[in-house]
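Raw contents of entry_22.tsv, TSV, C-alpha atoms:
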chain	number	residue	atom	x	y	z
R	1	MET	CA	51.53	-108.20	107.07
R	2	SER	CA	48.43	-110.23	106.33
R	3	LEU	CA	44.77	-109.45	106.92
R	4	ARG	CA	42.53	-112.28	107.97
R	5	PHE	CA	38.79	-112.30	107.54
R	6	ASP	CA	36.83	-114.27	110.12
R	7	PRO	CA	33.11	-114.21	109.28
R	8	PHE	CA	32.11	-115.74	112.62
R	9	ARG	CA	33.99	-113.15	114.69
R	10	ASP	CA	32.73	-110.29	112.49
R	11	SER	CA	29.14	-111.56	112.79
R	12	LEU	CA	29.48	-111.64	116.57
R	13	ARG	CA	30.79	-108.09	116.59
R	14	GLU	CA	27.78	-106.94	114.56
R	15	MET	CA	25.41	-108.85	116.88
R	16	ASP	CA	27.06	-107.15	119.89
R	17	ARG	CA	26.60	-103.74	118.28
R	18	LEU	CA	22.91	-104.38	117.56
R	19	THR	CA	22.31	-105.81	121.05
R	20	ASN	CA	23.93	-102.77	122.67
R	21	GLN	CA	21.73	-100.46	120.59
R	22	LEU	CA	18.58	-102.34	121.55
R	23	LEU	CA	19.44	-102.47	125.26
R	24	SER	CA	20.53	-98.86	125.48
R	25	GLY	CA	17.46	-97.63	123.62
R	26	THR	CA	19.57	-95.32	121.43
R	27	ALA	CA	19.66	-96.88	118.01
R	28	MET	CA	21.83	-94.59	115.89
R	29	PRO	CA	21.42	-95.09	112.18
R	30	ALA	CA	24.84	-96.19	110.97
R	31	SER	CA	24.14	-95.16	107.40
R	32	MET	CA	23.04	-91.51	107.68
R	33	PRO	CA	24.04	-89.92	110.99
R	34	MET	CA	22.79	-86.39	111.52
R	35	ASP	CA	23.42	-83.28	113.62
R	36	LEU	CA	20.71	-80.67	114.20
R	37	TRP	CA	21.13	-77.21	115.69
R	38	ARG	CA	19.47	-73.80	115.71
R	39	ASP	CA	21.37	-70.78	114.42
R	40	GLY	CA	19.26	-67.66	115.07
R	41	ASP	CA	16.08	-67.92	113.01
R	42	MET	CA	17.34	-70.96	111.10
R	43	TYR	CA	17.51	-74.68	111.88
R	44	VAL	CA	20.49	-76.46	110.33
R	45	VAL	CA	20.59	-80.22	109.75
R	46	ALA	CA	23.80	-81.93	108.60
R	47	PHE	CA	23.83	-85.52	107.32
R	48	ASP	CA	27.03	-87.52	106.80
R	49	LEU	CA	26.83	-89.06	103.32
R	50	PRO	CA	30.41	-89.74	102.21
R	51	GLY	CA	30.95	-91.66	99.01
R	52	ILE	CA	27.39	-91.52	97.74
R	53	ASP	CA	26.59	-91.23	94.07
R	54	GLU	CA	25.49	-87.58	93.88
R	55	SER	CA	23.01	-88.37	91.12
R	56	THR	CA	21.06	-90.53	93.62
R	57	LEU	CA	20.77	-87.76	96.23
R	58	ASP	CA	17.11	-86.75	96.49
R	59	VAL	CA	15.54	-84.36	99.00
R	60	THR	CA	11.75	-84.02	98.91
R	61	LEU	CA	9.27	-82.15	101.08
R	62	GLU	CA	5.65	-83.24	101.06
R	63	ARG	CA	3.01	-82.24	103.63
R	64	GLY	CA	5.62	-81.49	106.29
R	65	ALA	CA	7.64	-84.68	105.74
R	66	LEU	CA	11.22	-83.96	104.64
R	67	THR	CA	12.68	-87.11	103.08
R	68	ILE	CA	16.35	-87.62	102.20
R	69	ARG	CA	17.34	-90.51	99.92
R	70	ALA	CA	20.82	-91.44	98.73
R	71	GLU	CA	22.67	-94.48	97.42
R	72	ARG	CA	26.20	-95.74	97.90
R	73	THR	CA	27.48	-98.43	95.58
R	74	ARG	CA	30.39	-100.81	96.05
R	75	SER	CA	33.79	-99.55	95.01
R	76	PHE	CA	34.97	-103.04	94.03
R	77	ASP	CA	33.98	-105.26	91.14
R	78	GLU	CA	31.89	-108.43	91.33
R	79	GLY	CA	34.80	-110.88	91.04
R	80	THR	CA	37.03	-109.14	93.58
R	81	GLU	CA	38.02	-110.99	96.77
R	82	VAL	CA	36.79	-108.72	99.54
R	83	LEU	CA	38.64	-109.06	102.84
R	84	VAL	CA	36.70	-106.51	104.88
R	85	ALA	CA	33.53	-104.62	103.90
R	86	GLU	CA	32.31	-102.52	106.84
R	87	ARG	CA	31.04	-99.46	104.99
R	88	PRO	CA	27.28	-99.67	104.44
R	89	GLN	CA	26.19	-100.00	100.82
R	90	GLY	CA	22.85	-99.60	99.13
R	91	ALA	CA	19.98	-97.13	99.40
R	92	PHE	CA	19.55	-95.00	102.52
R	93	THR	CA	16.51	-93.02	103.60
R	94	ARG	CA	15.91	-90.64	106.48
R	95	GLN	CA	12.75	-88.67	107.19
R	96	LEU	CA	12.10	-85.64	109.39
R	97	ILE	CA	8.67	-84.25	110.21
R	98	LEU	CA	8.68	-80.44	110.10
R	99	GLY	CA	6.40	-78.51	112.43
R	100	ASP	CA	4.05	-75.71	111.45
R	101	GLY	CA	6.44	-73.10	112.86
R	102	LEU	CA	8.94	-73.68	110.04
R	103	ASP	CA	9.05	-71.99	106.63
R	104	GLN	CA	8.73	-75.08	104.46
R	105	ASP	CA	8.75	-73.06	101.22
R	106	ASN	CA	12.32	-71.82	101.77
R	107	VAL	CA	14.29	-74.94	102.74
R	108	GLN	CA	17.80	-74.87	101.23
R	109	ALA	CA	20.06	-77.87	100.59
R	110	ASP	CA	23.80	-77.98	99.92
R	111	TYR	CA	25.99	-81.09	99.44
R	112	ARG	CA	29.71	-80.56	99.93
R	113	ASP	CA	32.61	-82.77	101.05
R	114	GLY	CA	30.32	-85.71	101.85
R	115	VAL	CA	27.96	-83.67	104.03
R	116	LEU	CA	24.40	-82.72	103.08
R	117	GLU	CA	23.40	-79.54	104.90
R	118	LEU	CA	19.79	-78.42	105.05
R	119	ARG	CA	18.84	-74.94	106.25
R	120	ILE	CA	15.24	-74.60	107.43
R	121	PRO	CA	14.08	-71.09	108.39
R	122	VAL	CA	11.66	-70.42	111.22
R	123	ALA	CA	8.36	-69.12	109.81
R	124	GLN	CA	7.79	-65.39	110.20
R	125	ALA	CA	4.57	-66.04	112.14
R	126	ALA	CA	6.44	-68.23	114.64
R	127	GLN	CA	9.17	-65.68	115.42
R	128	PRO	CA	8.90	-63.72	118.67
R	129	ARG	CA	7.52	-60.21	118.35
R	130	ARG	CA	6.68	-57.33	120.64
R	131	VAL	CA	3.04	-56.75	121.52
R	132	SER	CA	1.99	-53.25	122.55
R	133	VAL	CA	0.15	-52.74	125.81
R	134	ARG	CA	-2.87	-50.44	125.97
R	135	HIS	CA	-3.35	-48.62	129.22
R	136	SER	CA	-6.82	-47.95	130.55
R	137	GLY	CA	-6.62	-44.52	128.94
R	138	GLY	CA	-6.47	-46.21	125.52
R	139	SER	CA	-3.01	-44.96	124.44
R	140	ALA	CA	-0.56	-47.58	123.20
R	141	VAL	CA	2.76	-47.81	125.03
R	142	SER	CA	5.61	-50.06	124.00
R	143	GLY	CA	6.75	-52.27	126.87
R	144	SER	CA	10.38	-52.26	127.97
R	145	SER	CA	10.43	-55.98	128.73
R	146	GLU	CA	11.83	-58.51	126.26
R	147	ARG	CA	8.88	-60.81	126.89
R	148	PRO	CA	5.66	-60.20	124.92
R	149	GLN	CA	2.98	-58.33	126.85
R	150	VAL	CA	-0.74	-59.02	126.81
R	151	THR	CA	-3.39	-56.45	125.93
R	152	THR	CA	-5.30	-55.05	128.87
R	153	GLY	CA	-8.46	-53.00	128.69
R	154	SER	CA	-10.86	-51.01	130.85
Show me the file's structure as structure tokens.
Amino acid sequence: MSLRFDPFRDSLREMDRLTNQLLSGTAMPASMPMDLWRDGDMYVVAFDLPGIDESTLDVTLERGALTIRAERTRSFDEGTEVLVAERPQGAFTRQLILGDGLDQDNVQADYRDGVLELRIPVAQAAQPRRVSVRHSGGSAVSGSSERPQVTTGS
């Protein structure tokens, strides 16, 4: 079996991919795809970063901007004849803006099996809480509803 590299055909395929992204309006970053979900009082973000040099992985948080940087270098030497090179190489950066309702002082990061997982807790002040209702007599009564109640007065 023989592999054949056709730079013209491969360039057209890349142009088709970019055109489809532009026309669909959903440009997915090919270098650092991410999933984001909420698990109770915690947001979890997972980034696919296989094959990166772990020493280049850098996660910083400054004024609500969470920045992830990583670098993937070529696995072949300079003089090697490369037949296909589709895996992105170089430096990658992704930035998320965290809202005020998140506990930015307690963000945790874990890199395992090519996946960087960030755990971002919801701030205590942003978590739902029960508000007591005062009746016109002035005694506090805890509401039975799950939704917060407003304070009423006489």
Exercise: residues within 10 Å of coordinate (16.4, -99.5, 100.4), counting only C-alpha atoms, as a list in words: Arg69, Ala70, Glu71, Gln89, Gly90, Ala91, Phe92 and Thr93 of chain R
Report as CSV the residues of region 80-105 of chain R within 9 Å of region 110-133 of chain R, each with its shortest atom pair and distance in Å (one decimal), using all atoms listed in the file, ordered by chain and increasing residue number.
residue,atom,partner,partner_atom,distance
R:Asp100,CA,R:Ala123,CA,8.0
R:Gly101,CA,R:Ala126,CA,5.2
R:Leu102,CA,R:Val122,CA,4.4
R:Asp103,CA,R:Ala123,CA,4.3
R:Gln104,CA,R:Ile120,CA,7.2
Interatomic distance (Å, one decimal) between CA of Ala46 (chain R) and CA of Pro33 (chain R):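 For CA of Ala46 (chain R) relative to CA of Pro33 (chain R), the distance reads 8.3 Å.
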Where is the centre and how long are the edges: axis-aligned box on region 43-47 of chain R, 8 Å on each side, Å to one decimal, as AutoDock Vina command-line options:
--center_x 20.7 --center_y -80.1 --center_z 109.6 --size_x 22.3 --size_y 26.8 --size_z 20.6
Using all atoms listed in the file: which of R:Pro50, R:Gly79, R:Gly99, R:Gly137 has the shortest distance to Arg63 (chain R):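 Ranking R:Pro50, R:Gly79, R:Gly99, R:Gly137 by distance to Arg63 (chain R), first place goes to R:Gly99.
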R:Leu98, R:His135, R:Asn106, R:Glu78 ranked by distance to Glu62 (chain R), top pick (using all atoms listed in the file):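 Once distances to Glu62 (chain R) are computed over all atoms listed in the file, the minimum belongs to R:Leu98.
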Length of the CA of Val45 (chain R) to CA of Ile97 (chain R) vector [Å]: 12.6 Å
Distance of CA of Met34 (chain R) from CA of Arg87 (chain R), expressed in Å to one decimal place: 16.8 Å
Distance criterion (all atoms listed in the file): nearest to Asp48 (chain R) out of R:Thr80, R:Ala85, R:Arg94, R:Gln108: R:Arg94
Option closest in space to Pro88 (chain R), from R:Leu49, R:Glu54, R:Arg38, R:Val44 [counting only C-alpha atoms]: R:Leu49
Would you mind completing region 71-102 of chain R so that it carries N, CA and C atoms, and writing it out as a PDB file, in the coordinates of the input?
ATOM      1  N   GLU R  71      22.205 -93.112  97.677  1.00  0.00           N
ATOM      2  CA  GLU R  71      22.670 -94.480  97.420  1.00  0.00           C
ATOM      3  C   GLU R  71      24.190 -94.503  97.340  1.00  0.00           C
ATOM      4  N   ARG R  72      24.757 -95.521  97.967  1.00  0.00           N
ATOM      5  CA  ARG R  72      26.200 -95.740  97.900  1.00  0.00           C
ATOM      6  C   ARG R  72      26.426 -97.121  97.291  1.00  0.00           C
ATOM      7  N   THR R  73      27.211 -97.161  96.246  1.00  0.00           N
ATOM      8  CA  THR R  73      27.480 -98.430  95.580  1.00  0.00           C
ATOM      9  C   THR R  73      28.876 -98.931  95.943  1.00  0.00           C
ATOM     10  N   ARG R  74      29.083-100.193  95.742  1.00  0.00           N
ATOM     11  CA  ARG R  74      30.390-100.810  96.050  1.00  0.00           C
ATOM     12  C   ARG R  74      31.481-100.216  95.174  1.00  0.00           C
ATOM     13  N   SER R  75      32.653-100.089  95.761  1.00  0.00           N
ATOM     14  CA  SER R  75      33.790 -99.550  95.010  1.00  0.00           C
ATOM     15  C   SER R  75      34.655-100.661  94.435  1.00  0.00           C
ATOM     16  N   PHE R  76      34.223-101.907  94.599  1.00  0.00           N
ATOM     17  CA  PHE R  76      34.970-103.040  94.030  1.00  0.00           C
ATOM     18  C   PHE R  76      34.074-103.825  93.095  1.00  0.00           C
ATOM     19  N   ASP R  77      34.711-104.511  92.161  1.00  0.00           N
ATOM     20  CA  ASP R  77      33.980-105.260  91.140  1.00  0.00           C
ATOM     21  C   ASP R  77      33.461-106.584  91.687  1.00  0.00           C
ATOM     22  N   GLU R  78      32.567-107.197  90.932  1.00  0.00           N
ATOM     23  CA  GLU R  78      31.890-108.430  91.330  1.00  0.00           C
ATOM     24  C   GLU R  78      32.866-109.582  91.624  1.00  0.00           C
ATOM     25  N   GLY R  79      33.897-109.750  90.853  1.00  0.00           N
ATOM     26  CA  GLY R  79      34.800-110.880  91.040  1.00  0.00           C
ATOM     27  C   GLY R  79      35.920-110.647  92.044  1.00  0.00           C
ATOM     28  N   THR R  80      35.963-109.501  92.660  1.00  0.00           N
ATOM     29  CA  THR R  80      37.030-109.140  93.580  1.00  0.00           C
ATOM     30  C   THR R  80      36.894-109.887  94.901  1.00  0.00           C
ATOM     31  N   GLU R  81      38.027-110.365  95.451  1.00  0.00           N
ATOM     32  CA  GLU R  81      38.020-110.990  96.770  1.00  0.00           C
ATOM     33  C   GLU R  81      38.030-109.884  97.825  1.00  0.00           C
ATOM     34  N   VAL R  82      36.941-109.762  98.530  1.00  0.00           N
ATOM     35  CA  VAL R  82      36.790-108.720  99.540  1.00  0.00           C
ATOM     36  C   VAL R  82      37.218-109.281 100.888  1.00  0.00           C
ATOM     37  N   LEU R  83      38.153-108.609 101.547  1.00  0.00           N
ATOM     38  CA  LEU R  83      38.640-109.060 102.840  1.00  0.00           C
ATOM     39  C   LEU R  83      37.845-108.443 103.999  1.00  0.00           C
ATOM     40  N   VAL R  84      37.510-107.196 103.875  1.00  0.00           N
ATOM     41  CA  VAL R  84      36.700-106.510 104.880  1.00  0.00           C
ATOM     42  C   VAL R  84      35.778-105.540 104.151  1.00  0.00           C
ATOM     43  N   ALA R  85      34.502-105.545 104.498  1.00  0.00           N
ATOM     44  CA  ALA R  85      33.530-104.620 103.900  1.00  0.00           C
ATOM     45  C   ALA R  85      32.625-104.100 105.009  1.00  0.00           C
ATOM     46  N   GLU R  86      33.066-103.056 105.714  1.00  0.00           N
ATOM     47  CA  GLU R  86      32.310-102.520 106.840  1.00  0.00           C
ATOM     48  C   GLU R  86      31.489-101.289 106.482  1.00  0.00           C
ATOM     49  N   ARG R  87      31.798-100.651 105.359  1.00  0.00           N
ATOM     50  CA  ARG R  87      31.040 -99.460 104.990  1.00  0.00           C
ATOM     51  C   ARG R  87      29.692 -99.869 104.418  1.00  0.00           C
ATOM     52  N   PRO R  88      28.614 -99.299 104.931  1.00  0.00           N
ATOM     53  CA  PRO R  88      27.280 -99.670 104.440  1.00  0.00           C
ATOM     54  C   PRO R  88      27.119 -99.325 102.959  1.00  0.00           C
ATOM     55  N   GLN R  89      26.463-100.189 102.243  1.00  0.00           N
ATOM     56  CA  GLN R  89      26.190-100.000 100.820  1.00  0.00           C
ATOM     57  C   GLN R  89      24.692-100.070 100.596  1.00  0.00           C
ATOM     58  N   GLY R  90      24.256 -99.506  99.489  1.00  0.00           N
ATOM     59  CA  GLY R  90      22.850 -99.600  99.130  1.00  0.00           C
ATOM     60  C   GLY R  90      22.141 -98.264  99.237  1.00  0.00           C
ATOM     61  N   ALA R  91      20.813 -98.333  99.335  1.00  0.00           N
ATOM     62  CA  ALA R  91      19.980 -97.130  99.400  1.00  0.00           C
ATOM     63  C   ALA R  91      19.706 -96.785 100.858  1.00  0.00           C
ATOM     64  N   PHE R  92      19.782 -95.489 101.172  1.00  0.00           N
ATOM     65  CA  PHE R  92      19.550 -95.000 102.520  1.00  0.00           C
ATOM     66  C   PHE R  92      18.435 -93.963 102.484  1.00  0.00           C
ATOM     67  N   THR R  93      17.604 -93.974 103.514  1.00  0.00           N
ATOM     68  CA  THR R  93      16.510 -93.020 103.600  1.00  0.00           C
ATOM     69  C   THR R  93      16.404 -92.519 105.032  1.00  0.00           C
ATOM     70  N   ARG R  94      16.140 -91.243 105.157  1.00  0.00           N
ATOM     71  CA  ARG R  94      15.910 -90.640 106.480  1.00  0.00           C
ATOM     72  C   ARG R  94      14.778 -89.633 106.321  1.00  0.00           C
ATOM     73  N   GLN R  95      13.888 -89.570 107.303  1.00  0.00           N
ATOM     74  CA  GLN R  95      12.750 -88.670 107.190  1.00  0.00           C
ATOM     75  C   GLN R  95      12.613 -87.848 108.470  1.00  0.00           C
ATOM     76  N   LEU R  96      12.355 -86.548 108.285  1.00  0.00           N
ATOM     77  CA  LEU R  96      12.100 -85.640 109.390  1.00  0.00           C
ATOM     78  C   LEU R  96      10.715 -85.039 109.196  1.00  0.00           C
ATOM     79  N   ILE R  97       9.977 -84.895 110.267  1.00  0.00           N
ATOM     80  CA  ILE R  97       8.670 -84.250 110.210  1.00  0.00           C
ATOM     81  C   ILE R  97       8.852 -82.810 110.673  1.00  0.00           C
ATOM     82  N   LEU R  98       8.521 -81.854 109.793  1.00  0.00           N
ATOM     83  CA  LEU R  98       8.680 -80.440 110.100  1.00  0.00           C
ATOM     84  C   LEU R  98       7.403 -79.888 110.720  1.00  0.00           C
ATOM     85  N   GLY R  99       7.545 -79.110 111.755  1.00  0.00           N
ATOM     86  CA  GLY R  99       6.400 -78.510 112.430  1.00  0.00           C
ATOM     87  C   GLY R  99       5.861 -77.308 111.671  1.00  0.00           C
ATOM     88  N   ASP R 100       4.707 -76.839 112.104  1.00  0.00           N
ATOM     89  CA  ASP R 100       4.050 -75.710 111.450  1.00  0.00           C
ATOM     90  C   ASP R 100       4.831 -74.412 111.616  1.00  0.00           C
ATOM     91  N   GLY R 101       5.685 -74.317 112.616  1.00  0.00           N
ATOM     92  CA  GLY R 101       6.440 -73.100 112.860  1.00  0.00           C
ATOM     93  C   GLY R 101       7.639 -72.913 111.965  1.00  0.00           C
ATOM     94  N   LEU R 102       7.804 -73.775 110.953  1.00  0.00           N
ATOM     95  CA  LEU R 102       8.940 -73.680 110.040  1.00  0.00           C
ATOM     96  C   LEU R 102       8.489 -73.242 108.659  1.00  0.00           C
TER      97      LEU R 102
END
